[in-house]
Amino acid sequence: MSRFFATGSDSESEESSSADEITPKAPGTTLKQSLLLSDDEEDTKRVVRSAKDKRFEELTNLIKTIRNAMKIRDMAKCLEEFEQLCRAFLKSKNIVDKEGVPSFYIRLLADLEDYLNQLWEDKDGKKKMNKNNAKALSTLRQKIRKYNRDFETEIAAYKEVSSSSESEGEAGGVSAKSFLKKKPDEATSEILCLHPKDESSSSGEDDDDDDDDEGWSGESKESDSESSDGEAKRQSMAESFLKYLTKLNVCRTGSDKGEIKKLSKRRDKAKARKHIEEEEEDGGEEGGEGWEKVKYGVPLVKEKPKMFAKGTEINTTVVVKKLNEILQARGKKGTDRAAQIELLHALAAIAAEHNLGQGILVKIKFNIIASLYDYNPNLAAFMKADMWKKCLECIDELLDILFENNNIFIGENIAEDSENLAVSDQPFRVRGCVLTLVERMDEEFTKIMQNTDPHSQEYVDNLKDEGRVCGIVDRLLTYLENKGSTEEICRVYLRRIMHTYYKFDYKAHRRSLGLQGETKSEQDQEESEGEDSALIMDRLCKFIYAKDRTDRIRTCAILCHIYHHALHSRWYQARDLMLMSHLQDNIHHSDPPVQILYNRTMVQLGICAFRQGMIKDAHNALLDIQSSGRAKELLGQGLLMRNMQERNAEQEKIEKRRQVPFHMHINLELLECVYLVSAMLLEIPYMAAHEFDARRRMISKQFHHQLRVGERQPLLGPPESMREHVVAASKAMKMGDWRTCHSFIINEKMNSKVWDLFPETQRVREMLVRKIQEESLRTYLFTYSSVYDSISMEILSEMFQLEMPTVHSIISKMIINEELMASLDQPTQTVVMHRTEPTSLQNMALQLAEKLGSLVENNERVFDLKQGVYGGYFNRDQKGGYQQKQGGYQGGYQGGYQGGYQRGGYRNQNQSNY
């Protein structure tokens, strides 16, 4: 008969429904499925809870959090949790209207208000509080006083009962506070269990009464007289609690009998467990034997599932069959992946125990590593620490086997039918690719670093594994150089390059500086420690240039090689390699990771040019990245906030997987500072030279934007940020004041933020001072040349602290390039200025000519519009494609032939001869 037709109360139906379980599946499942399913999934029970239980459980959890915060005086946490509690109470309003306000909720409101009042009166304690807690205390006190107005009668009744019960509880009773710690149903069940029994009750029920009384009072009966007095007091107190709970509509005597019985059974079990623990302690003190503390019953010892039936002969065929059975469940829903990995380990141990040969062991190791990679089905998820350690250990063990046994051949082109796993005279043949496993390991390491907080100790600990990863790559490189194909060698070479190109080799840097202050033994020790990174990069990259057949690997190798050259200040090698590769012409056709690597290489190239004093080259290299305003995103160092229309959630996940780990980042503030300083050294002299030119071009839009932002400041104070320092230095350079400009660019704050990050800090500072002096001299001559008739070069040398040959060279270049209308008087070492400023009449004539030119352009535009509307506009649209194409062909032929003749000089020679 169905349970839906059974009679009983609502509570009994709820109880029966809550105890329902999923019907077990019919027998007949294979041993394989039982082995692969975890114990948690087999023992899973679906419990149906009522809405009341869910809401009350939510309230009790929040109350526990509030009480924990009260213990440590965390008022901010109390305020936050109290607001959540109020919201949760509003959600359960329908249940509260039916069942009444729960007693534990009233108790919390009363206790919290008393607690806050006590803290408020403690003036010394308030002074010791921090700002957040003091503010939260004031806010919470106002809220609780306002909130408790709706529960005044309940709180008053609770306080009255608690005060009366505390005075009676000394004689063996229980206080209202301890009683109200329980849930409403538990409190109700305990009160109903304490009702006085009929006088006709049999003597056999006395034991139960004693147990109940003992559980209520918490004390054992010492004598009959004491028990009778305590029973009377408890009887009166139970009646008072019944009245109180009836008033709050909590006690439901008619429908909760089943629940009451259940709770009383739980209480009896708890008492029995407590009694066992007390006896155990007594036995331990008296020296009793055989007592062992067991938590929640006797632990069940799980027997490991037997891999093979008893009496089965273990050979290669049986092990391969069992391996295929385990792998069949791979990827299926409900498969316990951890259990699958354990089974594979157990199978490998069995194969090693029975000496089945290294072939089957290599086969199992391949599948173990693949199962570790498949443990997280989500591609965006990264491996946990324990799985990552197991993966590294398994790959090391696999490489150990391959190095120790030269008769093992592995490859993806080996079919499963042609595998030779048994011990024989023939060499072992195993299907698999160890290079793919190592590449996947490298990708997993990158994901681990991407998903770790870069400012934590965990990131440092994870980064230590890079040495182990590089060691595995080196071992694989050694193995494939003997047995691998050219394509595989190129792939593993690229993996090694990707772990080397961004690291600065301090030992090679010190050797290039002459190893100052080191003895001969220290030099020999450093040379014997390892090969120079430049030689490693050169050897690996040149092999890829010669042997690789794919454009992607060669492109990545070239970019990494250029990056490594630029990082170690080999400017000319890096520049020449970039120009010869022509990567800038077709890099936009590459995939995003390669484009990110290209952007990183260009940035490092620009920083290298800046360190070498090539200011114009540095500005040109950094212009594309900095002018976009998306340097962080283009370098793969973070995502910028965008609208959902431009990038959805899926695209955002893909872009996050392309991010570069933190230890490979380029300092964005250093990058911006280098760009702005380079733009300042180029832009300020140009602005001074073309001050009255209305059509002058902008060298750097971002630099002009920073100047406009600085000019808009209503109150100019001392510069604080890096940008403000550059703007202040630019204003000083405009006036030709190189000392002030120098003080703004090179100071303690800028040194700590930017200049100290360079490996050759002092040389970079000296170069900057030199450039500031030279460009300030040029700016001074452009700005004040109209004031002077002549100026001595010796005075200029003293003003800008430059040598006379340097001043002479700068002024000569300016005169040759027609930037400065002057001449040099060698005997007197003076610069004679030539007046080239136009008169007022000439200025007016130039203005008139510009206005006439703009008027002619406007008239031509109006004429074109009129001609287009009335003179065959639609016909031109229809024939525009053909005419444009015809014009393109004509322009191509004419430009090609005419340009060729003119470049060859044929036409010019004829004209000059005539």
# chains A, B, ... in the order shown; residues from 1 in each chain; ligands from 1

call {"tool": "closest_atom_pairs", "arguments": {"of": "region 740-807 of chain A", "to": "region 493-514 of chain A", "cutoff": "12 Å", "atoms": "only C-alpha atoms", "output": "JSON lines"}}
result
{"residue": "A:Phe758", "atom": "CA", "partner": "A:Phe504", "partner_atom": "CA", "distance": 11.0}
{"residue": "A:Pro759", "atom": "CA", "partner": "A:Tyr506", "partner_atom": "CA", "distance": 8.8}
{"residue": "A:Glu760", "atom": "CA", "partner": "A:His509", "partner_atom": "CA", "distance": 9.7}

call {"tool": "residues_around", "arguments": {"residues": "Met387 (chain A)", "least_positions_apart": "2", "cutoff": "12 Å", "atoms": "only C-alpha atoms", "output": "list in words"}}
result
Arg337, Ala338, Ile341, Ile368, Ile369, Ala370, Ser371, Leu372, Tyr373, Asp374, Tyr375, Asn376, Phe382, Met383, Lys384, Ala385, Lys389, Lys390, Cys391, Leu392, Glu393, Cys394, Met441, Glu444, Phe445 and Ile448 of chain A

call {"tool": "residues_around", "arguments": {"residues": "region 665-672 of chain A", "least_positions_apart": "5", "cutoff": "12 Å", "atoms": "only C-alpha atoms", "output": "VMD selection string"}}
result
chain A and resid 450 454 502 to 503 563 567 596 to 597 599 to 608 610 618 to 619 621 to 623 625 to 627 629 to 638 659 to 660 677 to 679 702 to 703 706 721 to 723 726 750 to 758

call {"tool": "atom_distance", "arguments": {"atom1": "CA of Met687 (chain A)", "atom2": "CA of Ile815 (chain A)"}}
result
17.6 Å

call {"tool": "select_by_dssp", "arguments": {"residues": "region 309-458 of chain A", "states": "strand (DSSP E)", "output": "PyMOL selection string"}}
result
chain A and resi 408-411+428-431

call {"tool": "atom_distance", "arguments": {"atom1": "CA of Lys731 (chain A)", "atom2": "CA of Lys749 (chain A)"}}
result
19.1 Å

call {"tool": "closest_residue", "arguments": {"among": "A:Lys547, A:Arg739, A:Arg647, A:Arg145", "to": "Ser485 (chain A)", "atoms": "only C-alpha atoms"}}
result
A:Lys547

call {"tool": "closest_residue", "arguments": {"among": "A:Arg107, A:Ile558, A:Ala329, A:Ala566", "to": "Ser581 (chain A)", "atoms": "only C-alpha atoms"}}
result
A:Ile558

call {"tool": "residues_around", "arguments": {"residues": "region 324-328 of chain A", "least_positions_apart": "3", "cutoff": "9 Å", "atoms": "only C-alpha atoms", "output": "short mmCIF file (atom, residue, chain, number, x, y, z; two decimals) with N, CA and C atoms, in the first residue's frame"}}
result
data_model
loop_
_atom_site.label_atom_id
_atom_site.label_comp_id
_atom_site.auth_asym_id
_atom_site.auth_seq_id
_atom_site.Cartn_x
_atom_site.Cartn_y
_atom_site.Cartn_z
N LYS A 32 33.36 -3.79 -12.32
CA LYS A 32 34.07 -2.57 -12.74
C LYS A 32 33.38 -1.33 -12.24
N LEU A 36 34.72 1.58 -9.47
CA LEU A 36 34.98 2.95 -9.87
C LEU A 36 34.08 3.95 -9.19
N VAL A 319 46.62 -8.32 -17.47
CA VAL A 319 46.82 -6.95 -17.00
C VAL A 319 46.34 -5.95 -18.04
N VAL A 320 46.61 -6.19 -19.31
CA VAL A 320 46.14 -5.28 -20.37
C VAL A 320 44.61 -5.29 -20.43
N LYS A 321 44.00 -6.45 -20.25
CA LYS A 321 42.54 -6.52 -20.25
C LYS A 321 41.96 -5.72 -19.09
N GLY A 331 35.94 9.30 -18.29
CA GLY A 331 35.11 10.33 -18.89
C GLY A 331 33.63 10.12 -18.73
N LYS A 332 33.21 8.97 -18.18
CA LYS A 332 31.78 8.73 -18.02
C LYS A 332 31.25 9.44 -16.78
N GLN A 340 39.85 5.82 -9.78
CA GLN A 340 40.44 5.32 -11.02
C GLN A 340 41.96 5.44 -11.00
N LEU A 343 43.32 2.77 -8.74
CA LEU A 343 43.30 1.46 -9.39
C LEU A 343 44.47 1.31 -10.36
N LEU A 344 44.78 2.39 -11.08
CA LEU A 344 45.91 2.32 -12.02
C LEU A 344 47.23 2.15 -11.27
N ASN A 367 48.94 6.10 -18.91
CA ASN A 367 47.53 6.26 -18.57
C ASN A 367 47.33 6.91 -17.20
#

call {"tool": "closest_residue", "arguments": {"among": "A:Ile314, A:Phe800, A:Cys741, A:Val362", "to": "Ile350 (chain A)", "atoms": "only C-alpha atoms"}}
result
A:Ile314

call {"tool": "atom_distance", "arguments": {"atom1": "CA of Glu775 (chain A)", "atom2": "CA of Leu716 (chain A)"}}
result
25.2 Å

call {"tool": "decode", "arguments": {"residues": "region 114-159 of chain A", "atoms": "N, CA and C atoms", "output": "PDB file, in the first residue's frame"}}
result
ATOM      1  N   ASP A 114      21.252  43.492  25.487  1.00  0.00           N
ATOM      2  CA  ASP A 114      21.956  43.631  26.763  1.00  0.00           C
ATOM      3  C   ASP A 114      23.455  43.741  26.554  1.00  0.00           C
ATOM      4  N   TYR A 115      23.967  42.951  25.624  1.00  0.00           N
ATOM      5  CA  TYR A 115      25.411  42.976  25.354  1.00  0.00           C
ATOM      6  C   TYR A 115      25.859  44.335  24.814  1.00  0.00           C
ATOM      7  N   LEU A 116      25.070  44.899  23.902  1.00  0.00           N
ATOM      8  CA  LEU A 116      25.431  46.202  23.332  1.00  0.00           C
ATOM      9  C   LEU A 116      25.330  47.309  24.377  1.00  0.00           C
ATOM     10  N   ASN A 117      24.319  47.239  25.231  1.00  0.00           N
ATOM     11  CA  ASN A 117      24.207  48.247  26.296  1.00  0.00           C
ATOM     12  C   ASN A 117      25.388  48.165  27.254  1.00  0.00           C
ATOM     13  N   GLN A 118      25.821  46.952  27.529  1.00  0.00           N
ATOM     14  CA  GLN A 118      26.968  46.778  28.418  1.00  0.00           C
ATOM     15  C   GLN A 118      28.242  47.346  27.782  1.00  0.00           C
ATOM     16  N   LEU A 119      28.435  47.100  26.485  1.00  0.00           N
ATOM     17  CA  LEU A 119      29.606  47.670  25.802  1.00  0.00           C
ATOM     18  C   LEU A 119      29.524  49.189  25.727  1.00  0.00           C
ATOM     19  N   TRP A 120      28.307  49.712  25.549  1.00  0.00           N
ATOM     20  CA  TRP A 120      28.144  51.166  25.426  1.00  0.00           C
ATOM     21  C   TRP A 120      28.496  51.884  26.726  1.00  0.00           C
ATOM     22  N   GLU A 121      28.190  51.231  27.845  1.00  0.00           N
ATOM     23  CA  GLU A 121      28.487  51.844  29.141  1.00  0.00           C
ATOM     24  C   GLU A 121      29.959  51.718  29.511  1.00  0.00           C
ATOM     25  N   ASP A 122      30.645  50.764  28.916  1.00  0.00           N
ATOM     26  CA  ASP A 122      32.069  50.579  29.203  1.00  0.00           C
ATOM     27  C   ASP A 122      32.870  51.598  28.392  1.00  0.00           C
ATOM     28  N   LYS A 123      33.186  52.726  28.990  1.00  0.00           N
ATOM     29  CA  LYS A 123      33.855  53.806  28.261  1.00  0.00           C
ATOM     30  C   LYS A 123      35.302  53.453  27.931  1.00  0.00           C
ATOM     31  N   ASP A 124      35.975  52.757  28.851  1.00  0.00           N
ATOM     32  CA  ASP A 124      37.371  52.382  28.575  1.00  0.00           C
ATOM     33  C   ASP A 124      37.456  51.409  27.405  1.00  0.00           C
ATOM     34  N   GLY A 125      36.508  50.471  27.369  1.00  0.00           N
ATOM     35  CA  GLY A 125      36.504  49.521  26.261  1.00  0.00           C
ATOM     36  C   GLY A 125      36.205  50.190  24.932  1.00  0.00           C
ATOM     37  N   LYS A 126      35.332  51.201  24.944  1.00  0.00           N
ATOM     38  CA  LYS A 126      35.016  51.919  23.697  1.00  0.00           C
ATOM     39  C   LYS A 126      36.232  52.667  23.172  1.00  0.00           C
ATOM     40  N   LYS A 127      37.037  53.203  24.067  1.00  0.00           N
ATOM     41  CA  LYS A 127      38.221  53.936  23.620  1.00  0.00           C
ATOM     42  C   LYS A 127      39.237  53.004  22.947  1.00  0.00           C
ATOM     43  N   LYS A 128      39.285  51.754  23.401  1.00  0.00           N
ATOM     44  CA  LYS A 128      40.250  50.814  22.840  1.00  0.00           C
ATOM     45  C   LYS A 128      39.814  50.261  21.494  1.00  0.00           C
ATOM     46  N   MET A 129      38.520  50.429  21.162  1.00  0.00           N
ATOM     47  CA  MET A 129      38.023  49.918  19.880  1.00  0.00           C
ATOM     48  C   MET A 129      38.608  50.703  18.712  1.00  0.00           C
ATOM     49  N   ASN A 130      38.748  50.016  17.587  1.00  0.00           N
ATOM     50  CA  ASN A 130      39.156  50.742  16.385  1.00  0.00           C
ATOM     51  C   ASN A 130      37.964  51.512  15.802  1.00  0.00           C
ATOM     52  N   LYS A 131      38.232  52.254  14.755  1.00  0.00           N
ATOM     53  CA  LYS A 131      37.217  53.152  14.198  1.00  0.00           C
ATOM     54  C   LYS A 131      36.026  52.374  13.642  1.00  0.00           C
ATOM     55  N   ASN A 132      36.301  51.276  12.943  1.00  0.00           N
ATOM     56  CA  ASN A 132      35.207  50.515  12.322  1.00  0.00           C
ATOM     57  C   ASN A 132      34.301  49.880  13.367  1.00  0.00           C
ATOM     58  N   ASN A 133      34.909  49.297  14.413  1.00  0.00           N
ATOM     59  CA  ASN A 133      34.102  48.651  15.442  1.00  0.00           C
ATOM     60  C   ASN A 133      33.285  49.666  16.230  1.00  0.00           C
ATOM     61  N   ALA A 134      33.871  50.831  16.526  1.00  0.00           N
ATOM     62  CA  ALA A 134      33.124  51.857  17.262  1.00  0.00           C
ATOM     63  C   ALA A 134      31.927  52.356  16.457  1.00  0.00           C
ATOM     64  N   LYS A 135      32.149  52.566  15.175  1.00  0.00           N
ATOM     65  CA  LYS A 135      31.054  53.012  14.321  1.00  0.00           C
ATOM     66  C   LYS A 135      29.981  51.935  14.197  1.00  0.00           C
ATOM     67  N   ALA A 136      30.406  50.671  14.053  1.00  0.00           N
ATOM     68  CA  ALA A 136      29.445  49.576  13.959  1.00  0.00           C
ATOM     69  C   ALA A 136      28.665  49.397  15.254  1.00  0.00           C
ATOM     70  N   LEU A 137      29.327  49.627  16.413  1.00  0.00           N
ATOM     71  CA  LEU A 137      28.629  49.519  17.699  1.00  0.00           C
ATOM     72  C   LEU A 137      27.499  50.537  17.799  1.00  0.00           C
ATOM     73  N   SER A 138      27.792  51.784  17.412  1.00  0.00           N
ATOM     74  CA  SER A 138      26.756  52.820  17.467  1.00  0.00           C
ATOM     75  C   SER A 138      25.592  52.494  16.528  1.00  0.00           C
ATOM     76  N   THR A 139      25.919  52.067  15.307  1.00  0.00           N
ATOM     77  CA  THR A 139      24.866  51.757  14.332  1.00  0.00           C
ATOM     78  C   THR A 139      24.031  50.555  14.774  1.00  0.00           C
ATOM     79  N   LEU A 140      24.706  49.520  15.252  1.00  0.00           N
ATOM     80  CA  LEU A 140      23.984  48.311  15.656  1.00  0.00           C
ATOM     81  C   LEU A 140      23.115  48.564  16.879  1.00  0.00           C
ATOM     82  N   ARG A 141      23.588  49.394  17.789  1.00  0.00           N
ATOM     83  CA  ARG A 141      22.786  49.699  18.991  1.00  0.00           C
ATOM     84  C   ARG A 141      21.486  50.408  18.613  1.00  0.00           C
ATOM     85  N   GLN A 142      21.563  51.336  17.689  1.00  0.00           N
ATOM     86  CA  GLN A 142      20.339  52.026  17.248  1.00  0.00           C
ATOM     87  C   GLN A 142      19.395  51.062  16.518  1.00  0.00           C
ATOM     88  N   LYS A 143      19.978  50.192  15.685  1.00  0.00           N
ATOM     89  CA  LYS A 143      19.122  49.273  14.930  1.00  0.00           C
ATOM     90  C   LYS A 143      18.436  48.266  15.832  1.00  0.00           C
ATOM     91  N   ILE A 144      19.165  47.727  16.829  1.00  0.00           N
ATOM     92  CA  ILE A 144      18.578  46.695  17.682  1.00  0.00           C
ATOM     93  C   ILE A 144      17.497  47.287  18.580  1.00  0.00           C
ATOM     94  N   ARG A 145      17.691  48.521  19.005  1.00  0.00           N
ATOM     95  CA  ARG A 145      16.658  49.154  19.837  1.00  0.00           C
ATOM     96  C   ARG A 145      15.391  49.394  19.018  1.00  0.00           C
ATOM     97  N   LYS A 146      15.554  49.806  17.788  1.00  0.00           N
ATOM     98  CA  LYS A 146      14.397  50.027  16.934  1.00  0.00           C
ATOM     99  C   LYS A 146      13.734  48.718  16.536  1.00  0.00           C
ATOM    100  N   TYR A 147      14.564  47.703  16.291  1.00  0.00           N
ATOM    101  CA  TYR A 147      14.026  46.420  15.834  1.00  0.00           C
ATOM    102  C   TYR A 147      13.289  45.688  16.951  1.00  0.00           C
ATOM    103  N   ASN A 148      13.753  45.814  18.194  1.00  0.00           N
ATOM    104  CA  ASN A 148      13.166  45.081  19.313  1.00  0.00           C
ATOM    105  C   ASN A 148      11.818  45.645  19.762  1.00  0.00           C
ATOM    106  N   ARG A 149      11.417  46.779  19.213  1.00  0.00           N
ATOM    107  CA  ARG A 149      10.107  47.329  19.582  1.00  0.00           C
ATOM    108  C   ARG A 149       8.983  46.412  19.110  1.00  0.00           C
ATOM    109  N   ASP A 150       9.211  45.674  18.034  1.00  0.00           N
ATOM    110  CA  ASP A 150       8.178  44.765  17.532  1.00  0.00           C
ATOM    111  C   ASP A 150       8.069  43.494  18.372  1.00  0.00           C
ATOM    112  N   PHE A 151       9.057  43.241  19.250  1.00  0.00           N
ATOM    113  CA  PHE A 151       9.051  42.015  20.048  1.00  0.00           C
ATOM    114  C   PHE A 151       9.137  42.337  21.538  1.00  0.00           C
ATOM    115  N   GLU A 152       8.509  43.439  21.954  1.00  0.00           N
ATOM    116  CA  GLU A 152       8.645  43.864  23.343  1.00  0.00           C
ATOM    117  C   GLU A 152       8.025  42.854  24.302  1.00  0.00           C
ATOM    118  N   THR A 153       6.820  42.361  23.978  1.00  0.00           N
ATOM    119  CA  THR A 153       6.142  41.435  24.891  1.00  0.00           C
ATOM    120  C   THR A 153       6.913  40.130  25.002  1.00  0.00           C
ATOM    121  N   GLU A 154       7.406  39.586  23.891  1.00  0.00           N
ATOM    122  CA  GLU A 154       8.145  38.329  23.934  1.00  0.00           C
ATOM    123  C   GLU A 154       9.443  38.479  24.711  1.00  0.00           C
ATOM    124  N   ILE A 155      10.153  39.593  24.492  1.00  0.00           N
ATOM    125  CA  ILE A 155      11.425  39.796  25.192  1.00  0.00           C
ATOM    126  C   ILE A 155      11.188  39.986  26.685  1.00  0.00           C
ATOM    127  N   ALA A 156      10.120  40.716  27.034  1.00  0.00           N
ATOM    128  CA  ALA A 156       9.808  40.917  28.459  1.00  0.00           C
ATOM    129  C   ALA A 156       9.464  39.591  29.127  1.00  0.00           C
ATOM    130  N   ALA A 157       8.675  38.760  28.436  1.00  0.00           N
ATOM    131  CA  ALA A 157       8.326  37.455  29.004  1.00  0.00           C
ATOM    132  C   ALA A 157       9.564  36.589  29.165  1.00  0.00           C
ATOM    133  N   TYR A 158      10.445  36.636  28.174  1.00  0.00           N
ATOM    134  CA  TYR A 158      11.677  35.844  28.272  1.00  0.00           C
ATOM    135  C   TYR A 158      12.526  36.289  29.454  1.00  0.00           C
ATOM    136  N   LYS A 159      12.682  37.597  29.642  1.00  0.00           N
ATOM    137  CA  LYS A 159      13.503  38.094  30.747  1.00  0.00           C
ATOM    138  C   LYS A 159      12.884  37.757  32.092  1.00  0.00           C
TER     139      LYS A 159
END
